[in-house]
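A.B. asks: File start_30.txt follows (compact mmCIF, N, CA and C atoms):
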```
# COMPACT_ATOMS: atom_id res chain seq x y z
N MET A 1 112.19 -8.54 49.73
CA MET A 1 111.41 -8.36 50.94
C MET A 1 109.97 -8.00 50.55
N GLN A 2 109.04 -8.68 51.15
CA GLN A 2 107.65 -8.47 50.80
C GLN A 2 107.05 -7.35 51.67
N ARG A 3 106.29 -6.49 51.03
CA ARG A 3 105.68 -5.36 51.73
C ARG A 3 104.42 -5.83 52.44
N ARG A 4 104.25 -5.41 53.69
CA ARG A 4 103.06 -5.79 54.45
C ARG A 4 101.97 -4.76 54.22
N ARG A 5 100.73 -5.21 54.22
CA ARG A 5 99.59 -4.32 54.06
C ARG A 5 98.66 -4.48 55.25
N SER A 6 98.03 -3.39 55.61
CA SER A 6 97.06 -3.42 56.70
C SER A 6 95.66 -3.32 56.10
N LEU A 7 94.96 -4.45 56.06
CA LEU A 7 93.62 -4.47 55.47
C LEU A 7 92.66 -3.52 56.19
N PRO A 8 92.66 -3.44 57.53
CA PRO A 8 91.75 -2.49 58.18
C PRO A 8 92.02 -1.04 57.78
N ASP A 9 93.31 -0.66 57.67
CA ASP A 9 93.62 0.71 57.25
C ASP A 9 93.22 0.96 55.81
N VAL A 10 93.44 -0.01 54.95
CA VAL A 10 93.07 0.15 53.53
C VAL A 10 91.56 0.31 53.40
N LEU A 11 90.81 -0.55 54.09
CA LEU A 11 89.34 -0.46 54.01
C LEU A 11 88.82 0.84 54.62
N ALA A 12 89.31 1.20 55.80
CA ALA A 12 88.85 2.44 56.46
C ALA A 12 89.21 3.66 55.62
N GLY A 13 90.42 3.70 55.11
CA GLY A 13 90.83 4.81 54.26
C GLY A 13 89.97 4.92 53.01
N GLY A 14 89.67 3.77 52.41
CA GLY A 14 88.80 3.77 51.23
C GLY A 14 87.41 4.27 51.53
N VAL A 15 86.86 3.86 52.68
CA VAL A 15 85.52 4.31 53.06
C VAL A 15 85.51 5.82 53.28
N PHE A 16 86.51 6.34 54.00
CA PHE A 16 86.58 7.78 54.24
C PHE A 16 86.77 8.55 52.94
N ALA A 17 87.60 8.03 52.05
CA ALA A 17 87.81 8.72 50.77
C ALA A 17 86.52 8.76 49.95
N VAL A 18 85.77 7.67 49.94
CA VAL A 18 84.50 7.64 49.19
C VAL A 18 83.49 8.59 49.82
N ILE A 19 83.36 8.56 51.15
CA ILE A 19 82.40 9.46 51.82
C ILE A 19 82.77 10.92 51.56
N GLY A 20 84.06 11.25 51.69
CA GLY A 20 84.49 12.62 51.40
C GLY A 20 84.21 13.01 49.97
N GLY A 21 84.47 12.09 49.04
CA GLY A 21 84.19 12.37 47.63
C GLY A 21 82.72 12.60 47.36
N VAL A 22 81.86 11.83 48.03
CA VAL A 22 80.41 12.02 47.86
C VAL A 22 80.00 13.40 48.35
N PHE A 23 80.55 13.84 49.48
CA PHE A 23 80.23 15.18 49.97
C PHE A 23 80.74 16.26 49.03
N VAL A 24 81.92 16.07 48.47
CA VAL A 24 82.45 17.06 47.52
C VAL A 24 81.54 17.14 46.30
N VAL A 25 81.17 15.99 45.74
CA VAL A 25 80.31 15.99 44.56
C VAL A 25 78.94 16.58 44.90
N GLY A 26 78.39 16.23 46.05
CA GLY A 26 77.10 16.78 46.46
C GLY A 26 77.12 18.28 46.67
N SER A 27 78.25 18.81 47.12
CA SER A 27 78.33 20.24 47.39
C SER A 27 78.47 21.06 46.12
N LEU A 28 78.84 20.43 45.01
CA LEU A 28 79.04 21.17 43.76
C LEU A 28 77.74 21.74 43.20
N GLY A 29 76.60 21.23 43.65
CA GLY A 29 75.32 21.74 43.19
C GLY A 29 74.88 23.00 43.92
N TYR A 30 75.63 23.41 44.91
CA TYR A 30 75.29 24.61 45.70
C TYR A 30 76.28 25.72 45.42
N ASP A 31 75.86 26.94 45.68
CA ASP A 31 76.74 28.10 45.53
C ASP A 31 77.80 28.05 46.62
N ARG A 32 79.07 28.12 46.22
CA ARG A 32 80.15 28.07 47.19
C ARG A 32 80.50 29.42 47.75
N GLY A 33 80.30 30.47 47.03
CA GLY A 33 80.63 31.80 47.50
C GLY A 33 82.13 32.00 47.55
N THR A 34 82.57 32.87 48.46
CA THR A 34 83.99 33.16 48.64
C THR A 34 84.35 32.87 50.10
N PRO A 35 85.65 32.83 50.41
CA PRO A 35 86.01 32.60 51.82
C PRO A 35 85.45 33.65 52.78
N LEU A 36 85.25 34.87 52.32
CA LEU A 36 84.70 35.91 53.19
C LEU A 36 83.17 35.89 53.24
N ARG A 37 82.54 35.44 52.16
CA ARG A 37 81.09 35.34 52.10
C ARG A 37 80.72 33.94 51.64
N MET A 38 80.78 33.00 52.58
CA MET A 38 80.58 31.59 52.24
C MET A 38 79.14 31.31 51.86
N GLY A 39 78.98 30.50 50.82
CA GLY A 39 77.66 30.05 50.42
C GLY A 39 77.34 28.70 51.06
N PRO A 40 76.16 28.15 50.76
CA PRO A 40 75.76 26.89 51.38
C PRO A 40 76.59 25.68 50.94
N GLY A 41 77.34 25.78 49.86
CA GLY A 41 78.14 24.66 49.41
C GLY A 41 79.59 24.72 49.87
N TYR A 42 79.98 25.81 50.52
CA TYR A 42 81.38 25.99 50.90
C TYR A 42 81.82 25.00 51.97
N PHE A 43 81.06 24.93 53.05
CA PHE A 43 81.45 24.08 54.17
C PHE A 43 81.43 22.59 53.81
N PRO A 44 80.37 22.07 53.14
CA PRO A 44 80.43 20.65 52.74
C PRO A 44 81.58 20.34 51.79
N LEU A 45 81.91 21.28 50.91
CA LEU A 45 83.03 21.09 50.00
C LEU A 45 84.34 20.99 50.78
N LEU A 46 84.54 21.90 51.72
CA LEU A 46 85.76 21.93 52.51
C LEU A 46 85.90 20.67 53.37
N VAL A 47 84.85 20.32 54.09
CA VAL A 47 84.90 19.14 54.97
C VAL A 47 85.04 17.87 54.14
N GLY A 48 84.30 17.77 53.04
CA GLY A 48 84.41 16.59 52.18
C GLY A 48 85.81 16.43 51.62
N ALA A 49 86.43 17.53 51.21
CA ALA A 49 87.79 17.46 50.67
C ALA A 49 88.77 17.02 51.76
N ILE A 50 88.62 17.56 52.96
CA ILE A 50 89.51 17.17 54.06
C ILE A 50 89.35 15.69 54.39
N VAL A 51 88.10 15.22 54.48
CA VAL A 51 87.85 13.81 54.79
C VAL A 51 88.40 12.92 53.68
N ALA A 52 88.24 13.32 52.42
CA ALA A 52 88.75 12.52 51.31
C ALA A 52 90.27 12.45 51.33
N VAL A 53 90.93 13.57 51.59
CA VAL A 53 92.40 13.58 51.63
C VAL A 53 92.92 12.74 52.80
N LEU A 54 92.29 12.87 53.96
CA LEU A 54 92.69 12.05 55.09
C LEU A 54 92.45 10.56 54.81
N GLY A 55 91.33 10.25 54.16
CA GLY A 55 91.06 8.87 53.79
C GLY A 55 92.10 8.31 52.85
N LEU A 56 92.49 9.11 51.87
CA LEU A 56 93.53 8.67 50.95
C LEU A 56 94.87 8.48 51.66
N ALA A 57 95.18 9.35 52.62
CA ALA A 57 96.41 9.21 53.39
C ALA A 57 96.40 7.92 54.20
N ILE A 58 95.27 7.60 54.82
CA ILE A 58 95.15 6.36 55.59
C ILE A 58 95.26 5.15 54.66
N LEU A 59 94.64 5.24 53.50
CA LEU A 59 94.70 4.14 52.53
C LEU A 59 96.14 3.90 52.08
N VAL A 60 96.86 4.96 51.74
CA VAL A 60 98.24 4.82 51.29
C VAL A 60 99.12 4.27 52.42
N LYS A 61 98.91 4.77 53.63
CA LYS A 61 99.66 4.26 54.78
C LYS A 61 99.40 2.77 54.98
N GLY A 62 98.16 2.36 54.81
CA GLY A 62 97.83 0.95 54.94
C GLY A 62 98.47 0.09 53.87
N LEU A 63 98.64 0.65 52.66
CA LEU A 63 99.27 -0.10 51.58
C LEU A 63 100.79 -0.18 51.74
N LEU A 64 101.38 0.90 52.24
CA LEU A 64 102.84 0.97 52.29
C LEU A 64 103.43 0.48 53.61
N ALA A 65 102.85 0.88 54.71
CA ALA A 65 103.46 0.60 56.02
C ALA A 65 102.48 -0.11 56.93
N GLY A 66 101.82 -1.09 56.42
CA GLY A 66 100.82 -1.79 57.20
C GLY A 66 101.44 -2.74 58.21
N SER A 67 100.58 -3.39 58.92
CA SER A 67 101.03 -4.40 59.89
C SER A 67 100.28 -5.69 59.60
N ASP A 68 100.70 -6.75 60.24
CA ASP A 68 100.07 -8.04 60.02
C ASP A 68 98.93 -8.29 60.99
N LEU A 69 98.39 -7.25 61.58
CA LEU A 69 97.31 -7.43 62.54
C LEU A 69 96.01 -7.74 61.80
N PRO A 70 95.40 -8.86 62.11
CA PRO A 70 94.14 -9.20 61.44
C PRO A 70 92.96 -8.47 62.09
N PHE A 71 91.82 -8.55 61.44
CA PHE A 71 90.60 -8.02 62.03
C PHE A 71 90.29 -8.80 63.30
N GLU A 72 89.81 -8.10 64.30
CA GLU A 72 89.35 -8.78 65.50
C GLU A 72 87.86 -9.07 65.34
N ALA A 73 87.33 -9.85 66.26
CA ALA A 73 85.91 -10.19 66.21
C ALA A 73 85.07 -8.93 66.40
N VAL A 74 83.96 -8.86 65.72
CA VAL A 74 83.07 -7.70 65.82
C VAL A 74 82.36 -7.74 67.18
N PRO A 75 82.42 -6.64 67.94
CA PRO A 75 81.75 -6.61 69.24
C PRO A 75 80.25 -6.38 69.06
N TRP A 76 79.52 -7.43 68.74
CA TRP A 76 78.11 -7.31 68.39
C TRP A 76 77.28 -6.73 69.52
N ARG A 77 77.63 -7.06 70.75
CA ARG A 77 76.89 -6.50 71.89
C ARG A 77 76.95 -4.97 71.87
N ALA A 78 78.13 -4.42 71.66
CA ALA A 78 78.29 -2.97 71.61
C ALA A 78 77.57 -2.37 70.41
N VAL A 79 77.68 -3.00 69.26
CA VAL A 79 77.02 -2.50 68.06
C VAL A 79 75.50 -2.43 68.27
N VAL A 80 74.94 -3.51 68.80
CA VAL A 80 73.49 -3.57 68.98
C VAL A 80 73.04 -2.58 70.05
N LEU A 81 73.73 -2.54 71.20
CA LEU A 81 73.28 -1.65 72.28
C LEU A 81 73.41 -0.17 71.92
N VAL A 82 74.47 0.21 71.25
CA VAL A 82 74.61 1.61 70.85
C VAL A 82 73.56 1.98 69.81
N THR A 83 73.29 1.10 68.87
CA THR A 83 72.25 1.36 67.87
C THR A 83 70.88 1.48 68.53
N VAL A 84 70.56 0.57 69.44
CA VAL A 84 69.28 0.61 70.15
C VAL A 84 69.18 1.90 70.97
N ALA A 85 70.28 2.32 71.59
CA ALA A 85 70.27 3.53 72.40
C ALA A 85 69.98 4.77 71.56
N VAL A 86 70.61 4.86 70.40
CA VAL A 86 70.39 6.02 69.53
C VAL A 86 68.95 6.05 69.02
N VAL A 87 68.43 4.90 68.60
CA VAL A 87 67.05 4.83 68.12
C VAL A 87 66.08 5.13 69.26
N PHE A 88 66.34 4.61 70.44
CA PHE A 88 65.50 4.87 71.61
C PHE A 88 65.42 6.37 71.90
N PHE A 89 66.57 7.04 71.88
CA PHE A 89 66.58 8.47 72.15
C PHE A 89 65.76 9.22 71.11
N GLY A 90 65.96 8.91 69.85
CA GLY A 90 65.24 9.61 68.79
C GLY A 90 63.73 9.39 68.86
N VAL A 91 63.31 8.21 69.25
CA VAL A 91 61.88 7.89 69.27
C VAL A 91 61.20 8.44 70.51
N PHE A 92 61.86 8.36 71.66
CA PHE A 92 61.19 8.64 72.92
C PHE A 92 61.52 9.97 73.60
N VAL A 93 62.39 10.80 73.02
CA VAL A 93 62.78 12.03 73.72
C VAL A 93 61.60 12.99 73.90
N ARG A 94 60.71 13.06 72.95
CA ARG A 94 59.56 13.96 73.09
C ARG A 94 58.44 13.34 73.92
N VAL A 95 58.41 12.03 74.03
CA VAL A 95 57.36 11.34 74.78
C VAL A 95 57.70 11.25 76.26
N LEU A 96 58.90 10.76 76.57
CA LEU A 96 59.31 10.56 77.96
C LEU A 96 59.98 11.78 78.56
N GLY A 97 60.51 12.65 77.73
CA GLY A 97 61.25 13.81 78.21
C GLY A 97 62.74 13.60 78.06
N PHE A 98 63.47 14.71 78.17
CA PHE A 98 64.91 14.68 77.94
C PHE A 98 65.66 13.92 79.03
N VAL A 99 65.30 14.14 80.29
CA VAL A 99 66.05 13.55 81.40
C VAL A 99 65.94 12.02 81.41
N PRO A 100 64.73 11.43 81.43
CA PRO A 100 64.69 9.96 81.44
C PRO A 100 65.24 9.33 80.17
N THR A 101 65.01 9.96 79.04
CA THR A 101 65.52 9.39 77.79
C THR A 101 67.04 9.45 77.75
N SER A 102 67.63 10.55 78.21
CA SER A 102 69.09 10.64 78.26
C SER A 102 69.67 9.62 79.22
N PHE A 103 69.00 9.42 80.35
CA PHE A 103 69.48 8.46 81.33
C PHE A 103 69.49 7.04 80.76
N VAL A 104 68.39 6.64 80.14
CA VAL A 104 68.31 5.29 79.57
C VAL A 104 69.31 5.13 78.43
N THR A 105 69.46 6.15 77.61
CA THR A 105 70.42 6.10 76.51
C THR A 105 71.84 5.92 77.03
N ALA A 106 72.21 6.71 78.02
CA ALA A 106 73.55 6.59 78.60
C ALA A 106 73.75 5.24 79.27
N LEU A 107 72.70 4.74 79.92
CA LEU A 107 72.78 3.43 80.58
C LEU A 107 73.00 2.32 79.55
N LEU A 108 72.25 2.37 78.46
CA LEU A 108 72.41 1.36 77.41
C LEU A 108 73.81 1.39 76.81
N THR A 109 74.32 2.58 76.55
CA THR A 109 75.66 2.66 75.96
C THR A 109 76.73 2.26 76.97
N ALA A 110 76.51 2.50 78.25
CA ALA A 110 77.48 2.06 79.26
C ALA A 110 77.54 0.54 79.31
N PHE A 111 76.41 -0.12 79.15
CA PHE A 111 76.38 -1.59 79.18
C PHE A 111 76.88 -2.21 77.88
N ALA A 112 77.27 -1.38 76.91
CA ALA A 112 77.85 -1.93 75.68
C ALA A 112 79.20 -2.58 75.97
N SER A 113 79.87 -2.13 77.01
CA SER A 113 81.12 -2.75 77.42
C SER A 113 80.85 -3.92 78.35
N ARG A 114 81.58 -4.99 78.16
CA ARG A 114 81.41 -6.16 79.03
C ARG A 114 82.06 -5.94 80.39
N ARG A 115 82.94 -4.96 80.50
CA ARG A 115 83.69 -4.78 81.74
C ARG A 115 83.02 -3.84 82.73
N VAL A 116 81.93 -3.20 82.36
CA VAL A 116 81.31 -2.21 83.24
C VAL A 116 80.46 -2.91 84.30
N ARG A 117 80.50 -2.35 85.51
CA ARG A 117 79.68 -2.87 86.61
C ARG A 117 78.39 -2.08 86.66
N PRO A 118 77.31 -2.68 87.16
CA PRO A 118 76.02 -1.98 87.19
C PRO A 118 76.06 -0.65 87.95
N LEU A 119 76.74 -0.61 89.09
CA LEU A 119 76.81 0.64 89.86
C LEU A 119 77.59 1.71 89.09
N THR A 120 78.65 1.31 88.42
CA THR A 120 79.42 2.25 87.60
C THR A 120 78.57 2.76 86.44
N ALA A 121 77.82 1.88 85.82
CA ALA A 121 76.96 2.29 84.70
C ALA A 121 75.90 3.28 85.17
N LEU A 122 75.32 3.05 86.34
CA LEU A 122 74.33 3.99 86.88
C LEU A 122 74.96 5.35 87.18
N ALA A 123 76.16 5.34 87.73
CA ALA A 123 76.84 6.61 88.03
C ALA A 123 77.19 7.36 86.74
N VAL A 124 77.67 6.64 85.75
CA VAL A 124 77.99 7.27 84.46
C VAL A 124 76.74 7.84 83.82
N ALA A 125 75.65 7.07 83.84
CA ALA A 125 74.39 7.54 83.24
C ALA A 125 73.88 8.78 83.96
N ALA A 126 73.96 8.79 85.30
CA ALA A 126 73.49 9.96 86.05
C ALA A 126 74.36 11.18 85.75
N GLY A 127 75.66 11.00 85.70
CA GLY A 127 76.56 12.12 85.41
C GLY A 127 76.37 12.66 84.00
N LEU A 128 76.25 11.77 83.03
CA LEU A 128 76.04 12.22 81.65
C LEU A 128 74.69 12.90 81.48
N THR A 129 73.68 12.41 82.19
CA THR A 129 72.35 13.03 82.11
C THR A 129 72.39 14.45 82.68
N MET A 130 73.05 14.61 83.82
CA MET A 130 73.18 15.96 84.40
C MET A 130 73.97 16.88 83.48
N ALA A 131 75.07 16.40 82.94
CA ALA A 131 75.88 17.22 82.05
C ALA A 131 75.11 17.59 80.79
N ALA A 132 74.41 16.63 80.19
CA ALA A 132 73.64 16.91 78.97
C ALA A 132 72.50 17.87 79.25
N THR A 133 71.86 17.74 80.40
CA THR A 133 70.78 18.66 80.76
C THR A 133 71.32 20.08 80.93
N LEU A 134 72.46 20.21 81.59
CA LEU A 134 73.05 21.54 81.77
C LEU A 134 73.47 22.15 80.44
N VAL A 135 74.06 21.35 79.58
CA VAL A 135 74.55 21.88 78.31
C VAL A 135 73.40 22.20 77.36
N PHE A 136 72.50 21.23 77.15
CA PHE A 136 71.50 21.39 76.09
C PHE A 136 70.24 22.12 76.55
N ILE A 137 69.77 21.85 77.73
CA ILE A 137 68.52 22.47 78.19
C ILE A 137 68.79 23.84 78.82
N VAL A 138 69.76 23.90 79.72
CA VAL A 138 70.04 25.16 80.41
C VAL A 138 70.90 26.08 79.55
N GLY A 139 72.02 25.55 79.05
CA GLY A 139 72.96 26.39 78.30
C GLY A 139 72.46 26.79 76.93
N LEU A 140 72.06 25.82 76.13
CA LEU A 140 71.63 26.10 74.76
C LEU A 140 70.13 26.35 74.64
N GLN A 141 69.41 26.20 75.73
CA GLN A 141 67.97 26.44 75.81
C GLN A 141 67.21 25.65 74.74
N LEU A 142 67.55 24.39 74.62
CA LEU A 142 66.86 23.49 73.71
C LEU A 142 65.44 23.28 74.22
N ARG A 143 64.48 23.41 73.36
CA ARG A 143 63.07 23.33 73.77
C ARG A 143 62.58 21.89 73.71
N LEU A 144 62.90 21.14 74.74
CA LEU A 144 62.43 19.77 74.89
C LEU A 144 61.86 19.63 76.29
N PRO A 145 60.80 18.83 76.45
CA PRO A 145 60.28 18.62 77.80
C PRO A 145 61.28 17.85 78.65
N LEU A 146 61.42 18.26 79.90
CA LEU A 146 62.36 17.57 80.79
C LEU A 146 61.83 16.21 81.24
N TRP A 147 60.54 16.14 81.58
CA TRP A 147 59.94 14.93 82.15
C TRP A 147 58.68 14.54 81.39
N GLY A 148 58.74 14.36 80.13
CA GLY A 148 57.56 13.94 79.35
C GLY A 148 56.66 15.12 79.04
N TRP A 149 55.44 14.79 78.67
CA TRP A 149 54.50 15.84 78.29
C TRP A 149 54.15 16.65 79.49
```
Since I need it in another form, could you write the structure as structure tokens?
C.D. replies:
Amino acid sequence: MQRRRSLPDVLAGGVFAVIGGVFVVGSLGYDRGTPLRMGPGYFPLLVGAIVAVLGLAILVKGLLAGSDLPFEAVPWRAVVLVTVAVVFFGVFVRVLGFVPTSFVTALLTAFASRRVRPLTALAVAAGLTMAATLVFIVGLQLRLPLWGW
């Protein structure tokens, strides 16, 4: 009987294992301290080790108990719109203000799905903008202009 492998799980597990390993190696240059008095290298070491172990577990699962599911087509519309939204927010948040930038960012990410209707996207963007404003501006007192300069 031939063993099936899941290429997506093997690739994803490998990527996570490599990223976790890079964080572990990068954290070795910092003082780790002790669990009671953590140094600057403690948290990256811990998170990197956890990510690497989980990545290895996913990789092994993909090798041993995979499925015959092939890769699906890459949703380029979603990839491009989410990337544009993140870059837009980073570039324009101090120029346009938090509220309009958050609204446009949420609107762009809502339109990443082909199934969303314009009215639904507007409602989602308005709700996310209100929630983000309450959390980051009111709750955490982030010092960003609400409506531009």
A.B. asks: Give me every helix (DSSP H, G or I) residue in segment 42-89 of chain A, going by DSSP on the backbone, as a PyMOL selection string.
C.D. replies: chain A and resi 42-64+76-89
A.B. asks: Report, in Å to a single decimal, how far apart atom N of Val10 of chain A and atom CA of Tyr42 of chain A are.
C.D. replies: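 Computing the Euclidean distance for atom CA of Tyr42 of chain A and atom N of Val10 of chain A yields 28.9 Å.
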A.B. asks: Excluding Leu144 of chain A and residues on its chain fewer than 4 positions from it, collect all residues at most 7 Å away from it, counting only N, CA and C atoms, and give them as a list in words.
C.D. replies: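 Listed by chain and then number, they are Val93, Arg94, Gly97, Phe98 and Ile137 of chain A.
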A.B. asks: Between atom CA of Phe23 of chain A and atom CA of Ala52 of chain A, what distance in Å does the model show, to one decimal?
C.D. replies: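 Spanning atom CA of Phe23 of chain A to atom CA of Ala52 of chain A is a straight-line distance of 9.0 Å.
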A.B. asks: Please list as a PyMOL selection string every residue within 8 Å of Val51 of chain A, counting all atoms listed in the file and excluding residues in the same chain fewer than 3 positions away.
C.D. replies: chain A and resi 15-21+45-48+54-57
A.B. asks: Store the residues picked out above, limited to N, CA and C atoms, as a PDB file, in the frame of the given file.
C.D. replies:
```pdb
ATOM      1  N   VAL A  15      86.860   3.860  52.680  1.00  0.00           N
ATOM      2  CA  VAL A  15      85.520   4.310  53.060  1.00  0.00           C
ATOM      3  C   VAL A  15      85.510   5.820  53.280  1.00  0.00           C
ATOM      4  N   PHE A  16      86.510   6.340  54.000  1.00  0.00           N
ATOM      5  CA  PHE A  16      86.580   7.780  54.240  1.00  0.00           C
ATOM      6  C   PHE A  16      86.770   8.550  52.940  1.00  0.00           C
ATOM      7  N   ALA A  17      87.600   8.030  52.050  1.00  0.00           N
ATOM      8  CA  ALA A  17      87.810   8.720  50.770  1.00  0.00           C
ATOM      9  C   ALA A  17      86.520   8.760  49.950  1.00  0.00           C
ATOM     10  N   VAL A  18      85.770   7.670  49.940  1.00  0.00           N
ATOM     11  CA  VAL A  18      84.500   7.640  49.190  1.00  0.00           C
ATOM     12  C   VAL A  18      83.490   8.590  49.820  1.00  0.00           C
ATOM     13  N   ILE A  19      83.360   8.560  51.150  1.00  0.00           N
ATOM     14  CA  ILE A  19      82.400   9.460  51.820  1.00  0.00           C
ATOM     15  C   ILE A  19      82.770  10.920  51.560  1.00  0.00           C
ATOM     16  N   GLY A  20      84.060  11.250  51.690  1.00  0.00           N
ATOM     17  CA  GLY A  20      84.490  12.620  51.400  1.00  0.00           C
ATOM     18  C   GLY A  20      84.210  13.010  49.970  1.00  0.00           C
ATOM     19  N   GLY A  21      84.470  12.090  49.040  1.00  0.00           N
ATOM     20  CA  GLY A  21      84.190  12.370  47.630  1.00  0.00           C
ATOM     21  C   GLY A  21      82.720  12.600  47.360  1.00  0.00           C
ATOM     22  N   LEU A  45      81.910  21.280  50.910  1.00  0.00           N
ATOM     23  CA  LEU A  45      83.030  21.090  50.000  1.00  0.00           C
ATOM     24  C   LEU A  45      84.340  20.990  50.780  1.00  0.00           C
ATOM     25  N   LEU A  46      84.540  21.900  51.720  1.00  0.00           N
ATOM     26  CA  LEU A  46      85.760  21.930  52.510  1.00  0.00           C
ATOM     27  C   LEU A  46      85.900  20.670  53.370  1.00  0.00           C
ATOM     28  N   VAL A  47      84.850  20.320  54.090  1.00  0.00           N
ATOM     29  CA  VAL A  47      84.900  19.140  54.970  1.00  0.00           C
ATOM     30  C   VAL A  47      85.040  17.870  54.140  1.00  0.00           C
ATOM     31  N   GLY A  48      84.300  17.770  53.040  1.00  0.00           N
ATOM     32  CA  GLY A  48      84.410  16.590  52.180  1.00  0.00           C
ATOM     33  C   GLY A  48      85.810  16.430  51.620  1.00  0.00           C
ATOM     34  N   LEU A  54      92.290  12.870  53.960  1.00  0.00           N
ATOM     35  CA  LEU A  54      92.690  12.050  55.090  1.00  0.00           C
ATOM     36  C   LEU A  54      92.450  10.560  54.810  1.00  0.00           C
ATOM     37  N   GLY A  55      91.330  10.250  54.160  1.00  0.00           N
ATOM     38  CA  GLY A  55      91.060   8.870  53.790  1.00  0.00           C
ATOM     39  C   GLY A  55      92.100   8.310  52.850  1.00  0.00           C
ATOM     40  N   LEU A  56      92.490   9.110  51.870  1.00  0.00           N
ATOM     41  CA  LEU A  56      93.530   8.670  50.950  1.00  0.00           C
ATOM     42  C   LEU A  56      94.870   8.480  51.660  1.00  0.00           C
ATOM     43  N   ALA A  57      95.180   9.350  52.620  1.00  0.00           N
ATOM     44  CA  ALA A  57      96.410   9.210  53.390  1.00  0.00           C
ATOM     45  C   ALA A  57      96.400   7.920  54.200  1.00  0.00           C
TER      46      ALA A  57
END
```
A.B. asks: Distance table requested - segment 74-112 of chain A against segment 127-132 of chain A, cut-off 7 Å, all atoms listed in the file: one row per qualifying residue with the closest atom pair and its distance in Å to one decimal, ordered by chain and rising residue number, as a tab-separated table.
C.D. replies:
```
residue	atom	partner	partner_atom	distance
A:Val99	CA	A:Thr129	CA	6.4
A:Ser102	C	A:Thr129	CA	5.2
A:Phe103	N	A:Thr129	CA	5.2
A:Ala106	CA	A:Thr129	N	6.8
```
A.B. asks: Between atom C of Gly41 of chain A and atom C of Ser27 of chain A, what is the spacing in Å?
C.D. replies: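 Distance reported for this atom pair: 5.4 Å.
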A.B. asks: Rank nothing, just name the residue among A:Ile50, A:Ala85, A:Val22, A:Leu11 nearest to Phe111 of chain A, using only C-alpha atoms.
C.D. replies: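 Between A:Ile50, A:Ala85, A:Val22, A:Leu11, the residue approaching Phe111 of chain A most closely is A:Ala85.
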A.B. asks: Of the residues A:Phe88, A:Trp147, A:Phe136, A:Trp76, which is the one nearest to Pro100 of chain A, using only C-alpha atoms?
C.D. replies: A:Trp147
